[in-house]
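A.B. asks: So that we are looking at the same thing, I have put the structure below in structure tokens.
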Amino acid sequence: EAGVTQSPTHLIKTRGQQATLRCSPISGHTSVYWYQQALGLGLQFLLWYDEGEERNRGNFPPRFSGRQFPNYSSELNVNALELEDSALYLCASTGAYEQYFGPGTRLTVT
Amino acid sequence: RKEVEQDPGPFNVPEGATVAFNCTYSNSASQSFFWYRQDCRKEPKLLMSVYSSGNEDGRFTAQLNRASQYISLLIRDSKLSDSATYLCVAVGVTGGGNKLTFGTGTQLKVEL
């Protein structure tokens with residue numbers, strides 16, 4: 001069974017640009033969570049999508065947004081990139097309570 | 001106070017040693033708990049769930065103490081390959097559904 005997949009693996013953008021990150025959950029999972037992990041810091045919850053709806057968001061500005069498609073894959077968009085947005089962005093899909101993570105997208109903003 | 005707190009370490013232990021990590025959580029309504037392992041620059045991987053009665057998976061034992069609001073992870077006979085960061089997770093139910101709160105992790109280094 002395929003795990004959670006994310007693309008791209010690496011993304012380099014300049015300040016002010018927009019970034020789009022993609023995630024496909026484990027087959028049969030309908031929920032997708034997005035996290036940001038900056039270097040040396042813990043996982044910070046960004047967004048939760050379930051059945052195509054945004055269910056919850058963490059303490060991030062509105063320039064972090066996303067959506068979930070009918071096939072349950074998801075997209076995270078970050079507008080007006082800032083240097084401090086450089087981080088590993090992780091997507092997870094959920095079983096009952098536990099979460100399974102994708103390999104992440106490493107975003108570098110220069 | 002952080003919702004989930006862990007000693008960041010690093011814990012440097014010799015191969016074969018027994019090492020234990022604790023993690024405290026502030027939300028008494030948390031329902032489920034997990035330990036994840038994260039290797040450098042990789043994604044977290046689920047290590048084990050934590051049950052009220054305690055549970056064991058090979059060399060790993062997890063315990064939950066609801067009265068004192070902490071969970072623990074014990075690793076026996078440490079291997080070099082156990083070197084990683086160990087994240088504890090508390091799951092609470094909010095109006096927005098299940099909320100997983102991760103600790104910032106405890107770094108373990110197993111040495112020869």
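Letters A, B, ... mark the chains of the structure tokens in the order given; residue numbers begin at 1 per chain; ligand numbers begin at 1, in order shown.
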Using only C-alpha atoms and a distance of at most 7 Å, pull out the residues of chain A that contact chain B, as a list in words.
C.D. replies: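 Close enough to count are Leu41, Gly42, Leu43, Arg55, Asn56, Tyr100, Phe101, Gly102, Pro103 and Gly104 of chain A.
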A.B. asks: Name all residues at most 9 Å from Thr14 of chain A (count only C-alpha atoms; drop same-chain ones fewer than 6 positions away) and give them as a VMD selection string.
C.D. replies: chain A and resid 81 to 83 108 to 110
A.B. asks: As a PDB file with N, CA, C and O atoms, in the first residue's frame, please: the residues near Leu21 of chain A (cut-off 7 Å, only C-alpha atoms, same-chain neighbours under 3 positions excluded).
C.D. replies:
ATOM      1  N   SER A   7       4.855  16.429  -3.186  1.00  0.00           N
ATOM      2  CA  SER A   7       5.691  16.988  -4.246  1.00  0.00           C
ATOM      3  C   SER A   7       5.619  18.509  -4.204  1.00  0.00           C
ATOM      4  O   SER A   7       4.619  19.073  -3.743  1.00  0.00           O
ATOM      5  N   PRO A   8       6.685  19.172  -4.621  1.00  0.00           N
ATOM      6  CA  PRO A   8       7.988  18.609  -4.959  1.00  0.00           C
ATOM      7  C   PRO A   8       8.772  18.271  -3.689  1.00  0.00           C
ATOM      8  O   PRO A   8       8.345  18.608  -2.599  1.00  0.00           O
ATOM      9  N   GLU A  75      -3.581  20.587  -1.494  1.00  0.00           N
ATOM     10  CA  GLU A  75      -2.620  21.577  -1.944  1.00  0.00           C
ATOM     11  C   GLU A  75      -2.463  22.614  -0.843  1.00  0.00           C
ATOM     12  O   GLU A  75      -3.458  23.033  -0.240  1.00  0.00           O
ATOM     13  N   LEU A  76      -1.221  23.005  -0.571  1.00  0.00           N
ATOM     14  CA  LEU A  76      -0.947  24.095   0.357  1.00  0.00           C
ATOM     15  C   LEU A  76      -0.355  25.239  -0.452  1.00  0.00           C
ATOM     16  O   LEU A  76       0.605  25.028  -1.209  1.00  0.00           O
ATOM     17  N   ASN A  77      -0.925  26.406  -0.312  1.00  0.00           N
ATOM     18  CA  ASN A  77      -0.419  27.586  -0.993  1.00  0.00           C
ATOM     19  C   ASN A  77       0.107  28.584   0.027  1.00  0.00           C
ATOM     20  O   ASN A  77      -0.541  28.842   1.041  1.00  0.00           O
TER      21      ASN A  77
END
A.B. asks: Could you tell me, as a ChimeraX atom specification, which residues of segment 47-103 of chain A DSSP assigns to strand (DSSP E or B) when given the backbone?
C.D. replies: /A:47-50,53-57,64-68,74-78,87-94,99-101
A.B. asks: Could you write out the selected residues, including C-alpha atoms, as a PDB file, in the first residue's frame?
C.D. replies:
ATOM      1  CA  LEU A  47      -4.248  23.257   8.407  1.00  0.00           C
ATOM      2  CA  TRP A  48      -6.598  20.301   8.547  1.00  0.00           C
ATOM      3  CA  TYR A  49      -8.807  19.219   5.662  1.00  0.00           C
ATOM      4  CA  ASP A  50     -11.427  16.507   5.778  1.00  0.00           C
ATOM      5  CA  GLU A  53     -13.538  21.083   3.821  1.00  0.00           C
ATOM      6  CA  GLU A  54     -11.115  23.074   5.924  1.00  0.00           C
ATOM      7  CA  ARG A  55     -11.829  21.907   9.483  1.00  0.00           C
ATOM      8  CA  ASN A  56      -9.232  23.742  11.492  1.00  0.00           C
ATOM      9  CA  ARG A  57      -6.203  25.966  11.113  1.00  0.00           C
ATOM     10  CA  PHE A  64      -1.134  30.253   4.200  1.00  0.00           C
ATOM     11  CA  SER A  65      -4.095  28.574   2.565  1.00  0.00           C
ATOM     12  CA  GLY A  66      -5.012  25.390   0.835  1.00  0.00           C
ATOM     13  CA  ARG A  67      -7.670  23.136  -0.450  1.00  0.00           C
ATOM     14  CA  GLN A  68      -8.622  19.487  -0.707  1.00  0.00           C
ATOM     15  CA  SER A  74      -4.481  18.460  -1.036  1.00  0.00           C
ATOM     16  CA  GLU A  75      -2.620  21.577  -1.944  1.00  0.00           C
ATOM     17  CA  LEU A  76      -0.947  24.095   0.357  1.00  0.00           C
ATOM     18  CA  ASN A  77      -0.419  27.586  -0.993  1.00  0.00           C
ATOM     19  CA  VAL A  78       1.844  30.148   0.596  1.00  0.00           C
ATOM     20  CA  ALA A  87      11.030  25.129   6.487  1.00  0.00           C
ATOM     21  CA  LEU A  88      10.108  21.512   5.943  1.00  0.00           C
ATOM     22  CA  TYR A  89       6.400  21.271   5.161  1.00  0.00           C
ATOM     23  CA  LEU A  90       4.907  17.955   6.138  1.00  0.00           C
ATOM     24  CA  CYS A  91       1.603  16.480   5.137  1.00  0.00           C
ATOM     25  CA  ALA A  92      -0.030  13.695   7.116  1.00  0.00           C
ATOM     26  CA  SER A  93      -3.072  11.546   6.610  1.00  0.00           C
ATOM     27  CA  THR A  94      -4.860  10.044   9.514  1.00  0.00           C
ATOM     28  CA  GLN A  99      -1.059  10.197  11.633  1.00  0.00           C
ATOM     29  CA  TYR A 100       1.193   9.015   8.858  1.00  0.00           C
ATOM     30  CA  PHE A 101       3.539  11.533   7.356  1.00  0.00           C
TER      31      PHE A 101
END
A.B. asks: Go through A:Thr30, A:Gln18, A:Ser24, A:Thr9 one by one, measure the shortest atom-to-atom distance of each to Gly95 of chain A using only C-alpha atoms, and give the residue with the smallest value.
C.D. replies: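 For Gly95 of chain A, the nearest of the candidates is A:Thr30.
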A.B. asks: Write out as a PyMOL selection string which residues come within 12 Å of Asp77 of chain B when counting only C-alpha atoms, dropping same-chain ones fewer than 5 positions away.
C.D. replies: chain B and resi 13-20+58-61+82+110
A.B. asks: Could the residues in this selection be written to a file with C-alpha atoms, as a compact mmCIF listing (two decimals), in the first residue's frame?
C.D. replies:
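Result file out.txt:
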# COMPACT_ATOMS: atom_id res chain seq x y z
CA VAL B 13 24.15 6.83 25.92
CA PRO B 14 26.43 3.87 25.18
CA GLU B 15 25.23 1.02 23.06
CA GLY B 16 23.32 -1.50 25.17
CA ALA B 17 22.16 1.04 27.73
CA THR B 18 18.61 1.57 28.88
CA VAL B 19 17.26 5.08 28.42
CA ALA B 20 13.94 6.67 29.35
CA GLY B 58 10.19 -5.35 21.51
CA ARG B 59 12.78 -3.18 23.24
CA PHE B 60 10.38 -0.26 23.57
CA THR B 61 7.94 0.26 26.45
CA ASP B 82 18.04 4.13 17.74
CA VAL B 110 23.63 6.10 21.00
A.B. asks: For atom CA of Ile12 of chain A and atom CA of Gly40 of chain A, determine how far apart the two atoms are, in Å to one decimal place.
C.D. replies: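 So the two atoms, atom CA of Ile12 of chain A and atom CA of Gly40 of chain A, lie 19.6 Å apart.
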A.B. asks: Looking at B:Ala67, B:Val4, B:Leu108, B:Leu73, which one is nearest to Leu47 of chain B, with distances taken over only C-alpha atoms?
C.D. replies: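 For Leu47 of chain B, the nearest of the candidates is B:Leu73.
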A.B. asks: Which is closest to Gln17 of chain A among A:Ser73, A:Asn79, A:Asn59, A:Ser86, if we use only C-alpha atoms?
C.D. replies: A:Asn79
A.B. asks: For a test of reading the model, state the distance in Å between atom CA of Asp85 of chain A and atom CA of Arg22 of chain A, rounded to one decimal.
C.D. replies: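 Separating atom CA of Asp85 of chain A from atom CA of Arg22 of chain A is a distance of 16.4 Å.
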A.B. asks: So the first atom is atom CA of Gln6 of chain A and the second is atom CA of Asp57 of chain B; what is the distance between them in Å, to one decimal place?
C.D. replies: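 About the pair atom CA of Gln6 of chain A and atom CA of Asp57 of chain B: they are 29.5 Å apart.
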